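Text of upload17.cif, listed as mmCIF, C-alpha atoms:
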```cif
data_my_file
loop_
_atom_site.label_atom_id
_atom_site.label_comp_id
_atom_site.auth_asym_id
_atom_site.auth_seq_id
_atom_site.Cartn_x
_atom_site.Cartn_y
_atom_site.Cartn_z
CA MET A 28 103.39 86.37 108.57
CA SER A 29 99.79 87.01 109.32
CA ILE A 30 96.23 86.73 108.10
CA PHE A 31 95.87 85.69 104.44
CA THR A 32 99.62 86.13 103.94
CA SER A 33 100.12 82.36 103.86
CA ARG A 34 97.53 82.17 101.09
CA SER A 35 99.33 84.92 99.17
CA ILE A 36 102.57 82.98 99.42
CA ALA A 37 100.79 79.74 98.54
CA ALA A 38 99.63 81.43 95.35
CA VAL A 39 103.26 81.33 94.18
CA LEU A 40 103.15 77.56 94.60
CA PHE A 41 99.77 77.38 92.95
CA GLY A 42 100.90 79.27 89.85
CA VAL A 43 103.74 76.81 89.23
CA LEU A 44 101.81 73.68 90.09
CA VAL A 45 98.78 74.49 87.95
CA SER A 46 101.07 74.87 84.95
CA SER A 47 102.58 71.46 85.73
CA VAL A 48 99.54 69.50 86.89
CA SER A 49 95.99 70.35 85.87
CA GLY A 50 92.76 69.08 87.31
CA SER A 51 94.07 68.05 90.73
CA SER A 52 91.68 68.84 93.56
CA ALA A 53 94.59 68.98 95.99
CA PHE A 54 96.32 71.69 94.00
CA ALA A 55 93.07 73.60 93.71
CA GLN A 56 93.13 74.11 97.48
CA GLU A 57 96.15 76.45 97.19
CA ASP A 58 97.46 74.93 100.42
CA PRO A 59 100.99 73.45 100.60
CA SER A 60 99.81 70.95 103.22
CA GLN A 61 97.72 69.27 100.50
CA PHE A 62 100.71 68.48 98.26
CA ARG A 63 102.68 65.22 98.24
CA PRO A 64 106.46 64.78 97.93
CA ALA A 65 107.81 62.71 95.07
CA LYS A 66 109.75 60.62 97.60
CA PRO A 67 108.89 60.10 101.27
CA PRO A 68 111.43 62.13 103.25
CA VAL A 69 114.01 60.46 105.47
CA ILE A 70 114.35 62.68 108.52
CA LYS A 71 117.36 62.15 110.73
CA GLU A 72 116.79 62.13 114.45
CA ALA A 73 118.40 64.99 116.33
CA ASP A 74 120.92 64.33 119.04
CA PRO A 75 118.83 64.42 122.27
CA ALA A 76 121.06 67.05 123.83
CA GLU A 77 120.89 69.26 120.71
CA LYS A 78 117.13 68.85 120.52
CA LEU A 79 116.72 69.84 124.16
CA LEU A 80 118.97 72.87 123.62
CA ALA A 81 117.07 73.95 120.50
CA GLU A 82 113.68 73.52 122.18
CA GLY A 83 114.91 75.67 125.04
CA MET A 84 115.92 78.42 122.62
CA LEU A 85 112.59 78.36 120.81
CA GLN A 86 110.70 78.44 124.09
CA GLN A 87 112.78 81.40 125.23
CA ALA A 88 111.88 83.20 121.98
CA ILE A 89 108.16 82.56 122.57
CA ASP A 90 108.31 83.55 126.25
CA ALA A 91 110.15 86.79 125.49
CA PHE A 92 107.67 87.69 122.74
CA LYS A 93 104.70 86.86 124.96
CA THR A 94 105.78 88.60 128.15
CA ALA A 95 107.27 91.83 126.82
CA PRO A 96 105.05 94.83 127.67
CA ALA A 97 105.14 95.88 124.03
CA VAL A 98 106.52 94.38 120.81
CA THR A 99 107.07 95.67 117.30
CA CYS A 100 107.88 93.13 114.59
CA ASN A 101 108.58 93.95 110.96
CA THR A 102 108.92 90.87 108.77
CA HIS A 103 109.94 90.52 105.15
CA VAL A 104 109.42 87.23 103.34
CA LYS A 105 110.48 86.26 99.84
CA VAL A 106 109.39 83.11 98.04
CA VAL A 107 110.86 81.86 94.77
CA SER A 108 109.25 78.97 92.91
CA GLY A 109 110.15 78.37 89.30
CA PRO A 110 109.59 81.59 87.34
CA ASN A 111 107.37 83.00 90.08
CA GLN A 112 108.41 85.00 93.09
CA ASN A 113 106.55 86.91 95.75
CA GLU A 114 107.71 89.35 98.39
CA ILE A 115 105.59 90.51 101.31
CA THR A 116 106.25 92.79 104.27
CA VAL A 117 104.19 92.50 107.44
CA LYS A 118 104.16 95.07 110.24
CA ALA A 119 103.01 93.92 113.68
CA GLU A 120 102.57 95.76 116.98
CA PHE A 121 101.52 94.30 120.32
CA GLY A 122 100.74 96.29 123.45
CA PRO A 123 99.41 95.44 126.90
CA ASP A 124 95.86 94.20 127.57
CA HIS A 125 95.74 92.10 124.37
CA SER A 126 96.01 95.14 122.09
CA LEU A 127 97.54 94.41 118.68
CA LYS A 128 97.84 95.60 115.11
CA VAL A 129 99.07 93.39 112.26
CA GLU A 130 99.07 94.73 108.71
CA THR A 131 99.88 92.97 105.43
CA PRO A 132 99.47 94.30 101.88
CA ASP A 133 96.09 92.50 101.79
CA SER A 134 94.65 92.83 105.28
CA LEU A 135 94.62 94.46 108.69
CA ILE A 136 93.97 92.99 112.14
CA VAL A 137 93.39 95.34 115.07
CA GLY A 138 92.58 94.14 118.56
CA LYS A 139 91.68 96.67 121.21
CA ASP A 140 89.00 97.43 123.78
CA GLY A 141 87.80 93.81 123.76
CA LYS A 142 87.14 93.72 120.00
CA LEU A 143 89.08 91.90 117.31
CA ASN A 144 88.65 93.64 113.96
CA ILE A 145 89.72 92.11 110.65
CA VAL A 146 89.76 94.17 107.45
CA VAL A 147 90.36 92.59 104.05
CA TYR A 148 91.33 95.46 101.78
CA SER A 149 89.73 93.91 98.69
CA ILE A 150 86.33 93.99 100.44
CA PRO A 151 85.35 97.66 100.57
CA ASP A 152 82.00 97.49 102.39
CA ARG A 153 82.41 95.13 105.38
CA TYR A 154 84.89 93.99 108.02
CA LEU A 155 84.86 91.33 110.73
CA SER A 156 84.43 92.49 114.32
CA VAL A 157 84.03 90.05 117.22
CA PRO A 158 84.60 90.12 120.99
CA TYR A 159 87.80 88.59 122.38
CA ASN A 160 89.51 88.47 125.74
CA GLY A 161 91.89 85.54 125.41
CA SER A 162 93.69 83.74 122.60
CA VAL A 163 93.57 85.68 119.35
CA THR A 164 94.64 82.53 117.52
CA ASP A 165 91.60 80.67 118.82
CA VAL A 166 89.28 83.49 117.74
CA ILE A 167 90.78 83.56 114.24
CA GLU A 168 90.44 79.78 113.97
CA SER A 169 86.77 80.02 114.93
CA LEU A 170 86.23 82.69 112.26
CA MET A 171 88.36 81.26 109.46
CA GLY A 172 88.44 77.54 110.25
CA ASP A 173 92.25 77.60 110.18
CA ARG A 174 94.42 78.76 113.08
CA PHE A 175 97.49 79.14 110.84
CA VAL A 176 95.82 82.13 109.21
CA ALA A 177 96.73 84.03 112.39
CA GLY A 178 100.43 83.95 111.47
CA PHE A 179 103.47 83.33 113.61
CA GLU A 180 103.53 86.79 115.23
CA ILE A 181 100.11 86.39 116.82
CA MET A 182 100.88 82.77 117.70
CA MET A 183 104.04 83.81 119.54
CA ARG A 184 102.21 86.56 121.42
CA ASP A 185 99.58 83.99 122.40
CA GLY A 186 102.28 81.56 123.55
CA GLU A 187 101.26 78.80 121.12
CA PRO A 188 103.16 75.48 121.40
CA ILE A 189 106.49 75.24 119.58
CA ASN A 190 105.33 72.78 116.90
CA THR A 191 102.31 74.89 115.95
CA TRP A 192 104.33 78.07 115.80
CA LEU A 193 107.12 76.39 113.78
CA ASP A 194 104.61 75.37 111.11
CA ALA A 195 103.48 79.00 110.84
CA VAL A 196 106.93 80.61 110.73
CA THR A 197 108.05 78.21 107.96
CA MET A 198 104.94 79.21 105.97
CA ARG A 199 103.60 75.63 106.16
CA SER A 200 106.14 74.61 103.54
CA VAL A 201 107.85 72.15 105.90
CA ILE A 202 104.68 70.62 107.47
CA SER A 203 105.00 69.06 110.94
CA PRO A 204 108.60 70.28 111.38
CA ARG A 205 110.94 68.40 113.73
CA ILE A 206 114.21 69.68 115.12
CA THR A 207 117.14 67.89 113.51
CA GLY A 208 120.05 69.80 115.00
CA VAL A 209 121.55 73.07 116.20
CA LYS A 210 124.91 74.74 115.61
CA GLU A 211 126.62 78.07 116.13
CA ILE A 212 127.32 80.27 113.12
CA LYS A 213 128.84 83.70 112.57
CA THR A 214 126.88 86.51 110.97
CA LYS A 215 128.39 89.00 108.53
CA ASP A 216 129.03 91.39 111.40
CA ASP A 217 130.88 88.62 113.30
CA LYS A 218 128.07 87.97 115.76
CA THR A 219 127.56 84.42 117.03
CA ILE A 220 124.03 83.08 116.68
CA SER A 221 122.41 79.64 116.79
CA ARG A 222 121.03 77.97 113.67
CA ILE A 223 118.29 75.44 114.45
CA SER A 224 117.67 72.99 111.61
CA VAL A 225 114.24 71.46 111.02
CA ALA A 226 112.71 68.93 108.63
CA GLY A 227 109.18 67.73 108.06
CA ASN A 228 106.80 65.95 105.72
CA MET A 229 107.11 68.47 102.90
CA GLY A 230 110.42 70.25 103.31
CA SER A 231 113.35 71.27 105.46
CA GLY A 232 115.01 74.46 106.62
CA TRP A 233 116.44 76.38 109.53
CA LEU A 234 115.78 79.19 111.99
CA ASP A 235 118.42 81.66 113.19
CA TYR A 236 118.14 82.48 116.90
CA ASP A 237 119.96 85.32 118.62
CA PRO A 238 120.68 84.15 122.20
CA GLU A 239 121.52 87.68 123.29
CA THR A 240 118.14 89.18 122.38
CA LYS A 241 116.15 85.91 122.57
CA MET A 242 114.75 86.59 119.12
CA ILE A 243 114.29 84.62 115.93
CA ILE A 244 115.89 86.81 113.26
CA ALA A 245 115.69 84.70 110.07
CA VAL A 246 114.03 81.58 108.67
CA HIS A 247 114.70 79.56 105.53
CA SER A 248 112.84 76.62 104.00
CA ASP A 249 113.05 74.42 100.91
CA MET A 250 110.23 72.15 99.82
CA TYR A 251 110.96 68.66 98.52
CA PRO A 252 110.14 67.86 94.86
CA ILE A 253 106.39 67.53 94.41
CA GLU A 254 104.71 64.43 93.05
CA GLY A 255 103.50 65.07 89.51
CA ALA A 256 105.23 68.45 89.13
CA ASP A 257 108.51 67.90 87.29
CA GLY A 258 111.11 70.57 87.90
CA PHE A 259 109.23 72.10 90.80
CA PHE A 260 111.15 73.91 93.53
CA PHE A 261 110.20 76.26 96.34
CA LYS A 262 112.48 78.41 98.50
CA MET A 263 111.39 80.76 101.25
CA ASN A 264 113.55 83.32 103.04
CA LEU A 265 112.18 85.29 105.95
CA LYS A 266 113.87 88.06 107.89
CA THR A 267 112.28 89.68 110.91
CA ASP A 268 113.24 92.70 112.97
CA THR A 269 111.71 92.45 116.45
CA LYS A 270 111.94 94.97 119.28
CA PHE A 271 110.84 94.41 122.89
CA LEU A 272 109.69 97.71 124.40
CA GLU A 273 108.15 99.14 127.56
CA ALA A 274 105.48 100.92 125.49
CA LEU A 275 104.52 101.28 121.84
CA PRO A 276 105.79 104.41 120.05
CA GLU A 277 102.18 105.34 119.16
CA PRO A 278 98.88 104.05 120.57
CA ILE A 279 97.04 101.48 118.45
CA THR A 280 94.06 102.98 116.62
CA PHE A 281 91.47 101.53 114.27
CA ASP A 282 89.51 103.21 111.47
CA PRO A 283 87.46 100.89 109.21
CA GLY A 284 86.41 103.76 106.98
CA LYS A 285 82.92 103.24 105.57
CA ARG A 286 82.96 99.50 106.15
CA THR A 287 80.15 97.92 108.18
CA PRO A 288 81.04 95.39 110.92
CA VAL A 289 79.85 91.78 110.55
CA ALA A 290 80.35 88.82 112.86
CA THR A 291 80.88 85.88 110.51
CA ARG A 292 83.06 84.98 107.56
CA ALA A 293 79.98 84.18 105.46
CA GLU A 294 78.72 87.73 105.96
CA LEU A 295 82.13 89.10 105.00
CA ASP A 296 82.83 86.93 101.95
CA PRO A 297 81.28 88.58 98.86
CA ILE A 298 80.78 85.24 97.13
CA GLN A 299 79.15 83.55 100.12
CA ARG A 300 76.78 86.42 100.83
CA ASN A 301 75.91 86.90 97.17
CA LYS A 302 74.90 83.33 96.39
CA LEU A 303 72.04 83.47 93.94
CA ALA A 304 68.51 82.31 94.74
CA ALA A 305 65.15 82.59 93.04
CA GLY A 306 63.26 85.72 94.06
CA GLN A 307 66.35 87.84 94.68
CA PRO A 308 66.93 91.11 92.79
CA VAL A 309 69.46 90.60 90.04
CA PRO A 310 73.02 91.79 90.92
CA THR A 311 74.85 94.42 88.92
CA LEU A 312 76.17 93.22 85.56
CA LYS A 313 77.84 95.60 83.12
CA LEU A 314 80.28 93.90 80.77
CA PRO A 315 81.64 94.21 77.22
CA GLN A 316 80.83 91.93 74.31
CA LEU A 317 83.56 90.73 71.96
CA ASP A 318 82.92 93.76 69.75
CA GLY A 319 83.48 96.07 72.74
CA MET A 320 79.84 97.15 73.10
CA MET A 321 78.81 97.33 76.77
CA VAL A 322 75.77 95.45 78.00
CA ASP A 323 74.16 96.64 81.24
CA ILE A 324 71.53 94.34 82.73
CA ALA A 325 69.88 97.37 84.31
CA ASN A 326 68.87 98.44 80.79
CA LEU A 327 67.20 95.07 80.12
CA LYS A 328 64.43 95.42 82.69
CA GLY A 329 61.11 94.46 81.10
CA LYS A 330 62.74 91.57 79.24
CA THR A 331 63.48 88.01 80.30
CA VAL A 332 67.25 87.59 80.41
CA VAL A 333 69.09 84.27 80.08
CA LEU A 334 72.72 84.30 81.25
CA ASP A 335 75.03 81.30 80.86
CA PHE A 336 78.26 81.67 82.88
CA TRP A 337 81.10 79.74 81.26
CA ALA A 338 84.89 79.62 80.63
CA THR A 339 87.12 78.34 77.84
CA TRP A 340 88.66 75.66 80.09
CA CYS A 341 85.30 74.29 81.28
CA SER A 342 84.25 71.13 79.37
CA PRO A 343 80.65 70.97 80.71
CA CYS A 344 80.26 74.64 79.81
CA LYS A 345 81.29 73.91 76.24
CA ARG A 346 78.72 71.12 75.97
CA GLY A 347 75.97 73.55 76.91
CA LEU A 348 76.91 76.42 74.58
CA PRO A 349 75.45 74.90 71.38
CA LYS A 350 72.08 74.63 73.16
CA LEU A 351 72.41 78.26 74.26
CA ASN A 352 73.16 79.30 70.70
CA THR A 353 70.02 77.51 69.48
CA LEU A 354 67.98 79.20 72.21
CA TYR A 355 69.30 82.56 71.06
CA LEU A 356 68.30 81.88 67.45
CA ASP A 357 64.87 80.53 68.45
CA ASN A 358 64.11 83.70 70.41
CA GLY A 359 64.81 86.18 67.64
CA LYS A 360 68.48 86.99 68.21
CA ASN A 361 67.77 89.27 71.20
CA LYS A 362 65.27 91.42 69.28
CA GLY A 363 62.22 90.23 71.22
CA ASP A 364 61.15 89.86 74.84
CA VAL A 365 63.81 87.22 75.59
CA VAL A 366 67.52 88.07 75.43
CA VAL A 367 70.25 85.48 75.70
CA TYR A 368 73.93 85.98 76.60
CA ALA A 369 76.86 83.78 77.43
CA VAL A 370 79.03 85.33 80.17
CA ASP A 371 82.69 84.36 80.27
CA VAL A 372 84.07 84.28 83.85
CA MET A 373 86.84 82.66 85.89
CA GLU A 374 89.40 82.59 83.08
CA ARG A 375 92.89 81.66 84.26
CA MET A 376 94.58 84.48 82.33
CA ARG A 377 94.93 87.58 84.49
CA ARG A 378 95.46 90.19 81.78
CA PRO A 379 92.19 91.48 80.22
CA GLU A 380 93.65 91.45 76.71
CA ASP A 381 94.62 87.77 77.10
CA ARG A 382 91.09 86.88 78.23
CA ILE A 383 89.53 88.71 75.29
CA GLN A 384 91.86 87.02 72.79
CA LYS A 385 91.26 83.55 74.21
CA VAL A 386 87.46 83.94 74.15
CA LYS A 387 87.47 85.54 70.70
CA GLU A 388 89.48 82.69 69.21
CA TYR A 389 87.15 80.08 70.69
CA TRP A 390 83.95 81.92 69.71
CA GLU A 391 85.07 82.42 66.13
CA LYS A 392 86.18 78.81 65.82
CA GLN A 393 82.77 77.55 67.01
CA LYS A 394 80.94 80.14 64.84
CA TYR A 395 78.49 80.94 67.62
CA GLU A 396 76.02 83.75 66.94
CA VAL A 397 74.88 84.17 70.53
CA PRO A 398 76.82 87.10 72.01
CA THR A 399 79.18 86.47 74.89
CA LEU A 400 80.07 89.02 77.52
CA ILE A 401 83.55 88.90 79.09
CA SER A 402 84.38 89.54 82.73
CA LEU A 403 87.84 91.12 82.71
CA ASP A 404 88.40 90.68 86.45
CA ASP A 405 86.89 88.74 89.37
CA GLU A 406 84.21 91.29 90.24
CA THR A 407 81.37 89.48 88.43
CA GLN A 408 81.91 86.16 90.16
CA ARG A 409 81.97 87.98 93.53
CA LEU A 410 78.80 89.95 92.88
CA TRP A 411 77.00 86.88 91.56
CA GLY A 412 78.36 84.46 94.16
CA ILE A 413 79.81 82.17 91.51
CA THR A 414 81.96 79.37 92.91
CA SER A 415 81.49 76.88 90.06
CA ILE A 416 80.48 76.80 86.41
CA PRO A 417 78.52 76.19 84.28
CA LYS A 418 75.85 78.23 85.96
CA LEU A 419 72.77 79.40 84.10
CA VAL A 420 70.54 82.17 85.45
CA VAL A 421 67.14 83.26 84.16
CA VAL A 422 66.06 86.77 85.18
CA GLY A 423 62.43 87.87 84.90
CA PRO A 424 61.12 91.13 83.40
CA ASP A 425 60.80 92.52 86.96
CA GLY A 426 64.58 92.22 87.46
CA LYS A 427 64.32 89.30 89.89
CA ILE A 428 65.92 85.89 89.51
CA VAL A 429 63.52 83.21 88.31
CA GLU A 430 65.82 80.18 88.09
CA VAL A 431 69.41 79.17 88.86
CA ILE A 432 70.68 75.99 87.16
CA ASN A 433 74.04 74.68 88.34
CA GLY A 434 75.90 72.27 86.06
CA TYR A 435 75.15 70.80 82.65
CA TYR A 436 72.11 68.72 81.72
CA GLU A 437 71.21 67.06 78.43
CA ASP A 438 67.75 68.65 78.63
CA MET A 439 69.22 72.07 79.46
CA LYS A 440 67.32 73.84 76.66
CA GLU A 441 64.01 72.47 77.92
CA LYS A 442 64.82 73.53 81.50
CA ILE A 443 65.56 77.07 80.32
CA GLU A 444 62.38 77.26 78.25
CA LYS A 445 60.28 76.23 81.25
CA ALA A 446 61.98 78.96 83.33
CA ILE A 447 61.25 81.48 80.56
CA GLU A 448 57.59 80.47 80.66
CA ARG A 449 57.50 80.97 84.45
CA ALA A 450 59.01 84.40 83.95
CA GLY A 451 55.92 85.27 81.88
CA ALA A 452 57.77 85.91 78.65
CA LYS A 453 55.76 83.31 76.74
#
```
Represent the structure from my file as structure tokens, please.
Amino acid sequence: MSIFTSRSIAAVLFGVLVSSVSGSSAFAQEDPSQFRPAKPPVIKEADPAEKLLAEGMLQQAIDAFKTAPAVTCNTHVKVVSGPNQNEITVKAEFGPDHSLKVETPDSLIVGKDGKLNIVVYSIPDRYLSVPYNGSVTDVIESLMGDRFVAGFEIMMRDGEPINTWLDAVTMRSVISPRITGVKEIKTKDDKTISRISVAGNMGSGWLDYDPETKMIIAVHSDMYPIEGADGFFFKMNLKTDTKFLEALPEPITFDPGKRTPVATRAELDPIQRNKLAAGQPVPTLKLPQLDGMMVDIANLKGKTVVLDFWATWCSPCKRGLPKLNTLYLDNGKNKGDVVVYAVDVMERMRRPEDRIQKVKEYWEKQKYEVPTLISLDDETQRLWGITSIPKLVVVGPDGKIVEVINGYYEDMKEKIEKAIERAGAK
């Protein structure tokens, strides 16, 4: 696997765990290494001779991958966890002089001519581009803060230590894997291969090694039951087809399209680079109300606009909404120089119709008159740099942000009114 793929797979875990355990900061990280087993694992010690044999096989696999003039590696991974499953295919190519290309459904890494380029397909306007002349894994760690994001293919090409690479190839579902044994098995086509068993802090599994080709051809892992998540299970099956070549079938090329290169993750990340601050022009906002009527903030220039970003699961948000409703009524129900909207974001339902229904039920139950807009995808929180709610934003008649208030305060209405005064509306 490769960049962001481990996070995609972890999302399968996250979907199950959130339904079982809510409000846990560890689960919110979407990282299997943050979870805790229901029972501490008892890991048997491998026979010293078997361990030495298995380590030799794994080192041979790394050395062959690292030293081959060219490598192609197509990997398919399937994860099943409760009702959720995810399948991902990754295509990797490595040539001489540190050239490489690794593509997942979500991202693309291309290294050539002394530049490492990282494209995230969901970000249409920018890509990462930095110099490199050594370890690609080290460069990715410096950019992302996590070397495992590089994936096992890049780690093998870099010649990373066995333990680090093992964590990556087991999708971090085993955590600190240790060799517990090795045995010969027969494949369906009657070929003899070696199965290396591993176990760690969070799970166990095995790797199939072909001694003839010096390649890892399959990996399997099972996570232990998770503390606080009754009925949880996680199984991962990985199959990889690797070829060692004298030259790549086609030269590696790179075309970022209309994307602009940037050098840091903060410049790439839409949320990080769009964090709101007073004095900035207001971002794009065009969303439907509950009645389906579209509201475009571009059409509200000349008015002071109050926006309260909230969600149905957010308790502090709910405490602030009655004050927002009063503010709406006090300012003439959006018929004067001050307009007030709630803006529903970050709902956990993915389908737009489910979001609309959830918000509609809550709004009607509370009998709020202030209109609420509904973000039907994640675009609003990216454009507005929203990482937490409640978040209240006051926009002046000139279309620039006057005030950003993060969190809930008992005197929230007074804070908003003072911001409205500074905007020149009163």
With the file shown as input, list the residues that the PyMOL selection byres ((chain A and resi 378-394) around 10) selects, as a VMD selection string.
chain A and resid 315 to 319 338 to 339 348 to 349 352 371 to 377 395 to 404
Return the single residue from A:Met84, A:Ala245, A:Leu155, A:Leu354 that is closest to A:Glu294, with distances computed using only C-alpha atoms.
A:Leu155
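Counting from atom CA of A:Ala256, the distance to atom CA of A:Thr207 is 27.1 Å.
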For this structure, which residues satisfy the selection - the PyMOL selection byres ((chain A and resi 418) around 9) - when it is evaluated on the file as given? I want them as a compact mmCIF listing (two decimals) with C-alpha atoms, in the coordinates of the input.
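Written output follows (result19.txt):
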```txt
# COMPACT_ATOMS: atom_id res chain seq x y z
CA LEU A 334 72.72 84.30 81.25
CA ASP A 335 75.03 81.30 80.86
CA PHE A 336 78.26 81.67 82.88
CA TRP A 337 81.10 79.74 81.26
CA CYS A 344 80.26 74.64 79.81
CA ILE A 413 79.81 82.17 91.51
CA SER A 415 81.49 76.88 90.06
CA ILE A 416 80.48 76.80 86.41
CA PRO A 417 78.52 76.19 84.28
CA LEU A 419 72.77 79.40 84.10
CA VAL A 420 70.54 82.17 85.45
CA VAL A 431 69.41 79.17 88.86
CA ILE A 432 70.68 75.99 87.16
CA ASN A 433 74.04 74.68 88.34
CA GLY A 434 75.90 72.27 86.06
CA TYR A 435 75.15 70.80 82.65
```
Taking the file as shown, what set of residues would the PyMOL selection byres ((chain A and resi 150) around 10) give back, as a PyMOL selection string?
chain A and resi 133-134+146-149+151-154+286+295-297
